[in-house]
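S.K.: Got a structure for you, target-v5.cif, holding mmCIF, C-alpha atoms.
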```
data_model
loop_
_atom_site.label_atom_id
_atom_site.label_comp_id
_atom_site.auth_asym_id
_atom_site.auth_seq_id
_atom_site.Cartn_x
_atom_site.Cartn_y
_atom_site.Cartn_z
CA MET A 1 90.29 -60.07 -116.57
CA THR A 2 94.02 -59.52 -116.35
CA ASN A 3 96.87 -59.83 -118.83
CA GLN A 4 94.44 -60.13 -121.67
CA PRO A 5 95.80 -59.49 -125.17
CA GLU A 6 94.37 -56.66 -127.21
CA ILE A 7 91.73 -57.38 -129.84
CA PRO A 8 92.10 -55.51 -133.13
CA GLY A 9 89.10 -53.26 -133.69
CA MET A 10 87.75 -53.66 -130.12
CA THR A 11 88.80 -51.78 -126.98
CA ARG A 12 89.18 -53.49 -123.64
CA GLU A 13 86.24 -51.45 -122.34
CA GLN A 14 84.01 -52.60 -125.20
CA LEU A 15 84.96 -56.21 -124.52
CA GLN A 16 84.26 -55.98 -120.80
CA LEU A 17 80.91 -54.30 -121.42
CA ALA A 18 79.92 -56.94 -124.00
CA LEU A 19 80.81 -59.76 -121.59
CA ARG A 20 78.80 -58.25 -118.74
CA LEU A 21 75.75 -57.59 -120.91
CA GLU A 22 75.90 -61.13 -122.31
CA SER A 23 75.92 -62.61 -118.81
CA ILE A 24 72.79 -60.59 -117.97
CA PHE A 25 70.71 -60.87 -121.14
CA MET A 26 71.98 -64.08 -122.76
CA PRO A 27 72.84 -66.49 -119.92
CA GLN A 28 72.00 -69.63 -121.91
CA ALA A 29 74.31 -68.61 -124.75
CA LYS A 30 77.06 -67.83 -122.26
CA ARG A 31 76.72 -71.28 -120.67
CA GLN A 32 76.92 -72.95 -124.06
CA ARG A 33 79.98 -70.89 -124.97
CA PHE A 34 81.81 -72.15 -121.88
CA GLN A 35 80.70 -75.73 -122.49
CA ALA A 36 82.16 -75.50 -125.98
CA GLY A 37 85.49 -74.19 -124.65
CA PHE A 38 84.63 -70.76 -125.96
CA GLY A 39 84.92 -68.91 -122.66
CA ASP A 40 85.98 -65.40 -121.67
CA ASP A 41 89.71 -66.11 -121.37
CA LEU A 42 91.40 -64.76 -124.47
CA GLY A 43 94.45 -66.84 -123.64
CA LEU A 44 92.54 -70.00 -124.54
CA GLU A 45 93.21 -71.70 -127.83
CA PRO A 46 90.61 -70.83 -130.50
CA THR A 47 87.65 -73.20 -130.47
CA ARG A 48 87.22 -75.43 -133.49
CA PHE A 49 84.00 -75.43 -135.48
CA VAL A 50 83.16 -77.30 -138.66
CA HIS A 51 81.11 -76.46 -141.73
CA TYR A 52 79.63 -79.49 -143.53
CA THR A 53 78.71 -78.84 -147.14
CA SER A 54 78.95 -80.14 -150.69
CA ALA A 55 82.38 -80.41 -152.29
CA GLU A 56 81.33 -77.83 -154.88
CA ALA A 57 80.37 -75.29 -152.23
CA ALA A 58 83.51 -76.03 -150.21
CA LEU A 59 85.73 -75.44 -153.24
CA ASN A 60 83.98 -72.12 -153.83
CA ILE A 61 84.63 -71.11 -150.20
CA VAL A 62 88.31 -71.94 -150.52
CA LYS A 63 88.77 -70.12 -153.83
CA THR A 64 86.84 -66.97 -152.94
CA LYS A 65 87.39 -66.86 -149.17
CA ARG A 66 83.69 -66.16 -148.86
CA MET A 67 80.95 -68.09 -147.05
CA TRP A 68 77.40 -67.63 -148.24
CA MET A 69 74.82 -66.46 -145.76
CA ARG A 70 71.36 -67.58 -146.83
CA ASN A 71 67.92 -66.41 -145.85
CA THR A 72 66.47 -68.33 -142.91
CA THR A 73 63.37 -69.17 -144.97
CA CYS A 74 65.61 -71.39 -147.13
CA MET A 75 66.92 -73.56 -144.31
CA SER A 76 66.30 -77.29 -143.90
CA ASP A 77 63.90 -76.81 -140.97
CA TYR A 78 60.92 -75.14 -142.62
CA ARG A 79 59.96 -73.57 -139.29
CA GLU A 80 63.22 -71.69 -138.83
CA VAL A 81 62.67 -68.42 -136.94
CA GLN A 82 58.90 -69.03 -136.74
CA HIS A 83 59.63 -71.52 -133.95
CA GLY A 84 61.68 -69.02 -131.96
CA LEU A 85 59.29 -66.14 -132.59
CA ALA A 86 56.37 -68.23 -131.35
CA ILE A 87 58.18 -69.06 -128.11
CA ILE A 88 58.97 -65.38 -127.50
CA ARG A 89 55.42 -64.27 -128.28
CA ASN A 90 53.95 -66.92 -126.01
CA PHE A 91 56.15 -65.76 -123.15
CA PHE A 92 55.07 -62.13 -123.44
CA ALA A 93 51.44 -63.11 -124.06
CA ASP A 94 51.36 -63.83 -120.33
CA GLU A 95 50.75 -60.40 -118.76
CA THR A 96 52.56 -61.42 -115.58
CA ASN A 97 55.73 -62.14 -117.57
CA THR A 98 55.48 -58.86 -119.45
CA GLU A 99 54.93 -56.87 -116.27
CA SER A 100 57.93 -58.53 -114.59
CA PHE A 101 60.16 -57.77 -117.58
CA LEU A 102 59.01 -54.13 -117.79
CA LYS A 103 59.31 -53.58 -114.04
CA ALA A 104 62.86 -54.95 -113.86
CA LEU A 105 64.11 -52.71 -116.67
CA ASP A 106 62.08 -49.65 -115.72
CA ALA A 107 64.05 -49.56 -112.48
CA CYS A 108 67.18 -49.03 -114.59
CA HIS A 109 65.99 -47.16 -117.68
CA PRO A 110 62.28 -46.24 -117.59
CA GLY A 111 60.47 -47.16 -120.80
CA VAL A 112 63.39 -48.93 -122.47
CA ALA A 113 61.84 -52.40 -122.22
CA ARG A 114 58.51 -51.30 -123.69
CA GLN A 115 60.33 -49.49 -126.50
CA ALA A 116 62.40 -52.58 -127.31
CA LEU A 117 59.37 -54.87 -127.28
CA ASP A 118 57.43 -52.48 -129.52
CA ILE A 119 60.28 -52.27 -132.02
CA PHE A 120 60.67 -56.04 -132.06
CA SER A 121 56.91 -56.57 -132.43
CA ARG A 122 56.78 -54.22 -135.42
CA SER A 123 59.83 -55.93 -136.91
CA GLY A 124 58.50 -59.48 -136.72
CA SER A 125 58.04 -59.95 -140.46
CA THR A 126 61.43 -58.33 -141.14
CA VAL A 127 63.14 -60.68 -138.70
CA TYR A 128 61.42 -63.64 -140.35
CA LEU A 129 62.00 -62.63 -143.98
CA ASN A 130 65.27 -60.69 -143.88
CA THR A 131 67.66 -62.52 -141.58
CA TYR A 132 70.63 -64.34 -143.10
CA ILE A 133 72.70 -67.05 -141.47
CA THR A 134 75.62 -69.35 -142.02
CA SER A 135 75.86 -72.48 -139.92
CA VAL A 136 78.74 -74.37 -138.34
CA SER A 137 78.86 -77.17 -135.79
CA GLU A 138 81.02 -77.82 -132.74
CA HIS A 139 83.92 -80.09 -133.67
CA ASP A 140 85.50 -82.70 -131.39
CA LYS A 141 89.04 -84.04 -131.60
CA LYS A 142 87.68 -87.56 -132.04
CA GLU A 143 86.07 -86.35 -135.30
CA ASP A 144 89.38 -85.16 -136.79
CA GLN A 145 89.84 -88.24 -138.95
CA HIS A 146 86.34 -89.23 -139.94
CA GLY A 147 83.98 -86.33 -139.34
CA ARG A 148 80.49 -86.94 -137.97
CA LEU A 149 78.41 -89.58 -139.74
CA SER A 150 75.05 -87.93 -139.01
CA MET A 151 76.29 -84.67 -140.53
CA TRP A 152 77.58 -86.38 -143.68
CA ARG A 153 74.13 -87.85 -144.14
CA ALA A 154 72.17 -84.72 -143.27
CA PHE A 155 73.84 -81.95 -145.23
CA ALA A 156 74.27 -83.37 -148.69
CA ALA A 157 72.15 -85.59 -150.87
CA ASN A 158 73.13 -89.23 -151.38
CA LYS A 159 75.96 -89.67 -153.88
CA THR A 160 76.89 -85.98 -153.63
CA ALA A 161 80.56 -85.36 -152.87
CA ARG A 162 80.77 -83.95 -149.33
CA VAL A 163 83.38 -81.95 -147.44
CA ALA A 164 83.83 -80.65 -143.90
CA ILE A 165 85.89 -77.50 -143.35
CA VAL A 166 87.23 -77.23 -139.80
CA PHE A 167 88.02 -73.70 -138.56
CA ARG A 168 89.80 -72.36 -135.49
CA VAL A 169 87.53 -69.50 -134.44
CA PRO A 170 88.78 -66.79 -132.04
CA ARG A 171 86.59 -66.20 -128.99
CA PHE A 172 86.49 -62.45 -129.66
CA SER A 173 87.16 -60.57 -132.84
CA GLY A 174 86.84 -56.93 -133.76
CA ALA A 175 85.94 -58.21 -137.22
CA THR A 176 82.44 -59.02 -136.00
CA LEU A 177 81.94 -55.32 -135.28
CA ALA A 178 83.06 -54.41 -138.81
CA LEU A 179 80.75 -57.05 -140.28
CA ASN A 180 77.82 -56.33 -137.91
CA LEU A 181 77.73 -60.07 -137.34
CA MET A 182 76.46 -62.08 -134.38
CA PHE A 183 77.93 -65.51 -133.66
CA SER A 184 75.73 -67.50 -131.33
CA PRO A 185 75.08 -71.10 -130.28
CA VAL A 186 71.74 -72.66 -131.15
CA ALA A 187 69.66 -73.56 -128.07
CA TYR A 188 67.67 -76.78 -128.39
CA LEU A 189 65.11 -75.95 -125.72
CA THR A 190 61.49 -76.80 -125.15
CA GLU A 191 59.17 -73.84 -124.75
CA LYS A 192 59.11 -74.41 -120.99
CA GLU A 193 62.91 -74.42 -120.83
CA ALA A 194 63.16 -71.27 -122.95
CA HIS A 195 60.67 -69.46 -120.73
CA LYS A 196 62.72 -70.48 -117.70
CA VAL A 197 65.73 -68.75 -119.27
CA MET A 198 63.65 -65.60 -119.79
CA HIS A 199 62.76 -65.60 -116.10
CA GLU A 200 66.48 -65.96 -115.38
CA VAL A 201 67.12 -62.87 -117.53
CA ILE A 202 64.57 -60.90 -115.49
CA GLN A 203 66.30 -61.94 -112.27
CA ASN A 204 69.67 -60.97 -113.75
CA ILE A 205 68.36 -57.52 -114.69
CA THR A 206 67.02 -56.96 -111.19
CA GLY A 207 70.31 -58.01 -109.64
CA SER A 208 72.35 -55.85 -112.01
CA CYS A 209 70.30 -52.65 -111.92
CA ASP A 210 73.13 -50.49 -110.54
CA PHE A 211 75.40 -51.61 -113.35
CA LEU A 212 72.74 -51.10 -116.03
CA LEU A 213 72.12 -47.57 -114.73
CA SER A 214 75.73 -46.81 -115.73
CA VAL A 215 75.24 -48.13 -119.28
CA ASP A 216 74.04 -45.80 -122.03
CA ARG A 217 70.30 -46.21 -122.61
CA GLN A 218 70.74 -46.81 -126.34
CA ILE A 219 73.17 -49.66 -125.67
CA VAL A 220 70.67 -51.27 -123.31
CA LEU A 221 67.90 -50.83 -125.90
CA ASN A 222 70.05 -52.40 -128.62
CA THR A 223 71.02 -55.28 -126.33
CA ILE A 224 67.39 -56.10 -125.53
CA PHE A 225 66.49 -56.04 -129.23
CA TYR A 226 69.38 -58.31 -130.22
CA MET A 227 68.61 -60.65 -127.31
CA LEU A 228 65.15 -61.12 -128.81
CA LEU A 229 66.56 -61.43 -132.34
CA ALA A 230 69.08 -64.08 -131.25
CA ALA A 231 66.32 -65.98 -129.46
CA ALA A 232 64.15 -65.95 -132.58
CA VAL A 233 66.97 -67.16 -134.83
CA CYS A 234 68.75 -69.53 -132.44
CA LEU A 235 65.92 -71.36 -130.67
CA LYS A 236 65.55 -74.66 -132.49
CA HIS A 237 63.45 -77.78 -132.03
CA GLU A 238 65.09 -80.16 -129.56
CA GLY A 239 65.02 -82.94 -132.17
CA PHE A 240 67.97 -81.27 -133.93
CA ARG A 241 70.15 -81.35 -130.80
CA GLU A 242 72.83 -83.66 -132.20
CA GLU A 243 73.80 -81.02 -134.78
CA ARG A 244 75.40 -78.86 -132.02
CA GLU A 245 74.96 -75.91 -134.32
CA TRP A 246 76.23 -72.34 -134.03
CA ARG A 247 75.10 -69.55 -136.31
CA GLY A 248 76.58 -66.45 -137.81
CA ILE A 249 73.65 -64.02 -138.01
CA TYR A 250 73.39 -60.99 -140.28
CA ALA A 251 70.38 -58.66 -140.27
CA PRO A 252 70.96 -56.11 -143.06
CA LYS A 253 67.63 -54.34 -142.50
CA PHE A 254 68.71 -53.46 -138.96
CA ASN A 255 72.48 -53.09 -139.15
CA ALA A 256 74.10 -53.39 -142.57
CA SER A 257 77.85 -53.59 -143.20
CA PRO A 258 79.63 -52.29 -146.32
CA LEU A 259 81.90 -55.34 -146.12
CA MET A 260 79.03 -57.77 -146.74
CA GLU A 261 78.42 -58.29 -150.45
CA ALA A 262 74.88 -59.05 -151.64
CA SER A 263 74.51 -61.30 -154.68
CA THR A 264 71.66 -63.08 -156.43
CA GLU A 265 72.49 -66.77 -156.83
CA ILE A 266 70.66 -69.93 -157.81
CA VAL A 267 70.67 -72.59 -155.10
CA GLY A 268 68.87 -75.84 -155.76
CA GLY A 269 67.17 -74.22 -158.73
CA VAL A 270 65.83 -71.35 -156.60
CA PRO A 271 67.04 -67.78 -157.36
CA GLN A 272 67.73 -66.03 -154.06
CA LEU A 273 69.66 -63.21 -152.47
CA VAL A 274 72.70 -64.28 -150.49
CA TYR A 275 75.24 -62.30 -148.52
CA LYS A 276 78.88 -63.27 -148.83
CA LEU A 277 80.77 -63.30 -145.55
CA PRO A 278 84.39 -62.31 -146.30
CA LEU A 279 87.01 -64.48 -144.60
CA ASP A 280 89.63 -62.40 -146.32
CA GLN A 281 91.96 -59.82 -144.82
CA SER A 282 92.48 -58.28 -148.27
CA ALA A 283 88.86 -57.06 -148.03
CA SER A 284 89.75 -55.03 -144.93
CA PRO A 285 92.60 -55.04 -142.39
CA ARG A 286 89.90 -55.36 -139.70
CA LEU A 287 89.25 -58.92 -140.93
CA ALA A 288 92.81 -60.16 -140.35
CA ASP A 289 91.96 -62.61 -137.56
CA LEU A 290 89.09 -64.09 -139.62
CA ASP A 291 91.17 -64.70 -142.74
CA PHE A 292 90.45 -68.16 -144.16
CA ALA A 293 94.12 -69.22 -144.32
CA LYS A 294 94.64 -68.24 -140.69
CA MET A 295 91.52 -69.96 -139.36
CA LEU A 296 91.70 -73.22 -141.35
CA ASP A 297 92.52 -76.24 -139.21
CA ARG A 298 91.79 -79.06 -141.67
CA LEU A 299 89.52 -80.11 -144.50
CA ILE A 300 87.89 -83.53 -144.33
CA ILE A 301 86.74 -85.19 -147.55
CA GLY A 302 83.60 -87.17 -146.83
CA PRO A 303 82.96 -90.77 -147.87
CA SER A 304 83.43 -90.74 -151.64
CA SER A 305 84.21 -92.93 -154.63
CA TYR A 306 86.80 -90.33 -155.72
CA PRO A 307 88.85 -89.44 -152.63
CA TRP A 308 92.20 -89.12 -154.43
CA VAL A 309 91.10 -86.71 -157.14
CA MET A 310 89.26 -84.61 -154.53
CA TYR A 311 92.36 -84.64 -152.34
CA GLU A 312 94.52 -83.29 -155.18
CA ALA A 313 91.96 -80.64 -156.09
CA PHE A 314 91.62 -79.30 -152.56
CA VAL A 315 95.36 -79.36 -151.84
CA GLU A 316 95.90 -77.20 -154.91
CA ALA A 317 93.06 -74.82 -154.03
CA LEU A 318 94.19 -74.46 -150.40
CA THR A 319 97.77 -73.80 -151.48
CA LYS A 320 96.60 -71.02 -153.78
CA ALA A 321 94.49 -69.61 -150.93
CA GLY A 322 97.65 -69.21 -148.84
CA CYS A 323 97.16 -72.19 -146.52
CA SER A 324 100.49 -73.62 -145.39
CA GLU A 325 101.16 -77.38 -145.49
CA ALA A 326 97.94 -77.93 -147.42
CA GLY A 327 98.78 -81.57 -148.13
CA GLU A 328 98.78 -82.35 -144.41
CA ARG A 329 95.56 -80.46 -143.76
CA VAL A 330 93.39 -82.45 -146.19
CA ILE A 331 92.05 -85.67 -144.66
CA THR A 332 89.97 -88.36 -146.36
CA SER A 333 87.30 -89.91 -144.18
CA ASP A 334 87.19 -93.69 -144.40
CA ILE A 335 83.81 -94.21 -142.76
CA PRO A 336 82.57 -97.42 -144.47
CA ILE A 337 79.34 -96.17 -146.02
CA ARG A 338 78.41 -95.99 -149.66
CA ALA A 339 79.30 -92.65 -151.20
#
```
Output the structure of this file as structure tokens.
M.R.:
Amino acid sequence: MTNQPEIPGMTREQLQLALRLESIFMPQAKRQRFQAGFGDDLGLEPTRFVHYTSAEAALNIVKTKRMWMRNTTCMSDYREVQHGLAIIRNFFADETNTESFLKALDACHPGVARQALDIFSRSGSTVYLNTYITSVSEHDKKEDQHGRLSMWRAFAANKTARVAIVFRVPRFSGATLALNLMFSPVAYLTEKEAHKVMHEVIQNITGSCDFLLSVDRQIVLNTIFYMLLAAAVCLKHEGFREEREWRGIYAPKFNASPLMEASTEIVGGVPQLVYKLPLDQSASPRLADLDFAKMLDRLIIGPSSYPWVMYEAFVEALTKAGCSEAGERVITSDIPIRA
């Protein structure tokens, strides 16, 4: 990479190392990043993602500059994480697969693969019960005016006021290091397809052994563990493919951040612990490029019987949040469905 701008909170060496390790251990995620226009070139415009939610939740995000990260056991798909964990376990249940994985990594760092697998195996219940996510979806230009009908229907009950918040997300941000946050695409793969990717990882390791020998053993160990964690959290049933989901992932039991605030809230009548992701540079200078006012592209009000009053309310809230030209950023979807 040449003529790349600096990233606050991340050195050029850290960035290059992260990119190389991603290409080896997370090739499917890397492909999906490029397909979404979220490639390695920092000169690219930030990619736009959208968060569909209720109007009440959206207003809370705007006012507080915080997005809630909820436990994966509370997600719409009742098999969240269990699905991904099962695919991983089934892969390594085949002794041939395990031996190939161990052999490839032992050539670089003897014992590191077995150590990572043992840690992950012991942490299975923690991964399942103590992982928190926030979800966004890829956003297309053709959706700027109306949003996506399937998402309006899926993420809020009938007759609930709905809103889509469109963000411009930087490809790389030192803020993710401060927040100990992973941001990864969801892979809608069959078990066979997922296992094929794992075989690709093994081939990548074998072909990159000289490079991995130069990488600190602890970094390699951590990368293997987080590869498995991302697979568990971001492998989703292929029937959800149209969502084109990406996830912010926070695992406080493994790598907590002082910038992430824990709070007990009631959601749908269920008391639960949530973590509040700060999109607020006043919380820390390291979060400057993730500040809500800087990232906001537009806010789309979903099909509603009260578009005008919602428009006024959100323009006022966005203005107070420091968003320039708020009146031009709020769009009312006119998809002809009953609100």
S.K.: For the PyMOL selection byres ((chain A and resi 128-136) around 8), applied here, can you spell out every residue it catches as a ChimeraX atom specification?
M.R.: /A:49-52,67-73,81-82,124-127,137-138,245-253,274-275
S.K.: Which polymer residues, protein or nucleic acid, are no farther than 6 Å from (71.6, -61.3, -154.9), counting all atoms listed in the file, as a count of residues only?
M.R.: 6
S.K.: The PyMOL selection byres ((chain A and resi 20) around 12) - which residues does that actually catch in the file I just gave you? List them as a list in words.
M.R.: Met1, Glu13, Gln14, Leu15, Gln16, Leu17, Ala18, Leu19, Leu21, Glu22, Ser23, Ile24, Phe25, Met26, Pro27, Lys30, Asp40, Asn204, Ile205, Ser208, Phe211, Leu212, Val215, Val220 and Thr223 of chain A
S.K.: Kindly resolve the PyMOL selection byres ((chain A and resi 303) around 10) on the present coordinates and return the residues as a PDB file with C-alpha atoms, in the coordinates of the input.
M.R.:
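Here's the written file result-v9.pdb:
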```pdb
ATOM      1  CA  HIS A 146      86.340 -89.230-139.940  1.00  0.00           C
ATOM      2  CA  GLY A 147      83.980 -86.330-139.340  1.00  0.00           C
ATOM      3  CA  LEU A 149      78.410 -89.580-139.740  1.00  0.00           C
ATOM      4  CA  TRP A 152      77.580 -86.380-143.680  1.00  0.00           C
ATOM      5  CA  LYS A 159      75.960 -89.670-153.880  1.00  0.00           C
ATOM      6  CA  THR A 160      76.890 -85.980-153.630  1.00  0.00           C
ATOM      7  CA  ALA A 161      80.560 -85.360-152.870  1.00  0.00           C
ATOM      8  CA  ARG A 162      80.770 -83.950-149.330  1.00  0.00           C
ATOM      9  CA  VAL A 163      83.380 -81.950-147.440  1.00  0.00           C
ATOM     10  CA  ILE A 300      87.890 -83.530-144.330  1.00  0.00           C
ATOM     11  CA  ILE A 301      86.740 -85.190-147.550  1.00  0.00           C
ATOM     12  CA  GLY A 302      83.600 -87.170-146.830  1.00  0.00           C
ATOM     13  CA  SER A 304      83.430 -90.740-151.640  1.00  0.00           C
ATOM     14  CA  SER A 305      84.210 -92.930-154.630  1.00  0.00           C
ATOM     15  CA  TYR A 306      86.800 -90.330-155.720  1.00  0.00           C
ATOM     16  CA  PRO A 307      88.850 -89.440-152.630  1.00  0.00           C
ATOM     17  CA  THR A 332      89.970 -88.360-146.360  1.00  0.00           C
ATOM     18  CA  SER A 333      87.300 -89.910-144.180  1.00  0.00           C
ATOM     19  CA  ASP A 334      87.190 -93.690-144.400  1.00  0.00           C
ATOM     20  CA  ILE A 335      83.810 -94.210-142.760  1.00  0.00           C
ATOM     21  CA  PRO A 336      82.570 -97.420-144.470  1.00  0.00           C
ATOM     22  CA  ILE A 337      79.340 -96.170-146.020  1.00  0.00           C
ATOM     23  CA  ARG A 338      78.410 -95.990-149.660  1.00  0.00           C
ATOM     24  CA  ALA A 339      79.300 -92.650-151.200  1.00  0.00           C
TER      25      ALA A 339
END
```
S.K.: Find the distance between CA of Phe225 (chain A) and CA of Pro185 (chain A) and write it in Å to one decimal.
M.R.: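 According to the coordinates, CA of Phe225 (chain A) and CA of Pro185 (chain A) are separated by 17.4 Å.
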S.K.: Looking at all atoms listed in the file, which of A:Ile61, A:Met227, A:Ile202, A:Ala293 is the one that sits closest to Ala164 (chain A)?
M.R.: A:Ile61
S.K.: Between CA of Ala178 (chain A) and CA of Arg286 (chain A), what distance in Å does the model show, to one decimal?
M.R.: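 CA of Ala178 (chain A) sits 7.0 Å away from CA of Arg286 (chain A).
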S.K.: Go ahead and compute the interatomic distance for CA of Met260 (chain A) and CA of Lys276 (chain A), in Å to one decimal.
M.R.: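 We find that CA of Met260 (chain A) and CA of Lys276 (chain A) lie 5.9 Å from each other.
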S.K.: Find, counting all atoms listed in the file, the residue in A:Phe167, A:Gly207, A:Ser284, A:Val62 that gets nearest to Glu316 (chain A).
M.R.: A:Val62
S.K.: Taking into account only C-alpha atoms, which residue in the set A:Gln28, A:Asn97, A:Thr190, A:Gln272 is nearest to Arg241 (chain A)?
M.R.: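 Selected residue with least distance to Arg241 (chain A): A:Thr190.
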S.K.: Using only C-alpha atoms, find the one residue out of A:Pro258, A:Pro271, A:Gly84, A:Pro170 that sits nearest to His195 (chain A).
M.R.: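 With only C-alpha atoms as the atom set, the closest residue is A:Gly84.
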S.K.: Check the smallest atom-to-atom distance from each of A:Asp289, A:Asp106, A:Glu193, A:Asp94 to Arg217 (chain A) using all atoms listed in the file, then report the winner.
M.R.: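 Closest residue, counting all atoms listed in the file: A:Asp106.
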S.K.: Pick out the closest residue to Val330 (chain A) from this set: A:Ala230, A:Ile88, A:Met75, A:Val166. Count all atoms listed in the file.
M.R.: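 When distances to Val330 (chain A) are compared using all atoms listed in the file, the smallest one comes from A:Val166.
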S.K.: Please return, as a list in words, all polymer residues that have at least one atom within 12 Å of the point (82.2, -52.2, -133.5); use only C-alpha atoms and the file's own coordinate frame.
M.R.: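 Checked against the point, the hits come out as Ile7, Pro8, Gly9, Met10, Thr11, Glu13, Gln14, Leu15, Ala18, Phe172, Ser173, Gly174, Ala175, Thr176, Leu177, Ala178, Leu179, Asn180, Leu181, Met182, Asn255, Ser257 and Arg286 of chain A.
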S.K.: Which residues are close to His109 (chain A), i.e. within 12 Å by all atoms listed in the file, leaving aside same-chain residues fewer than 5 positions away? Reply as a VMD selection string.
M.R.: chain A and resid 102 to 104 114 to 116 205 to 206 209 to 221 224
S.K.: Would you pick out the contacts of Phe314 (chain A) at 8 Å or less, using only C-alpha atoms, so that residues sharing its chain but fewer than 3 positions from it are not included, and give the list as a short mmCIF file (atom, residue, chain, number, x, y, z; two decimals) with C-alpha atoms, keeping the file's coordinate frame?
M.R.:
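Saved result, around_2.cif, follows:
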```cif
data_model
loop_
_atom_site.label_atom_id
_atom_site.label_comp_id
_atom_site.auth_asym_id
_atom_site.auth_seq_id
_atom_site.Cartn_x
_atom_site.Cartn_y
_atom_site.Cartn_z
CA LEU A 59 85.73 -75.44 -153.24
CA MET A 310 89.26 -84.61 -154.53
CA TYR A 311 92.36 -84.64 -152.34
CA ALA A 317 93.06 -74.82 -154.03
CA LEU A 318 94.19 -74.46 -150.40
CA VAL A 330 93.39 -82.45 -146.19
#
```
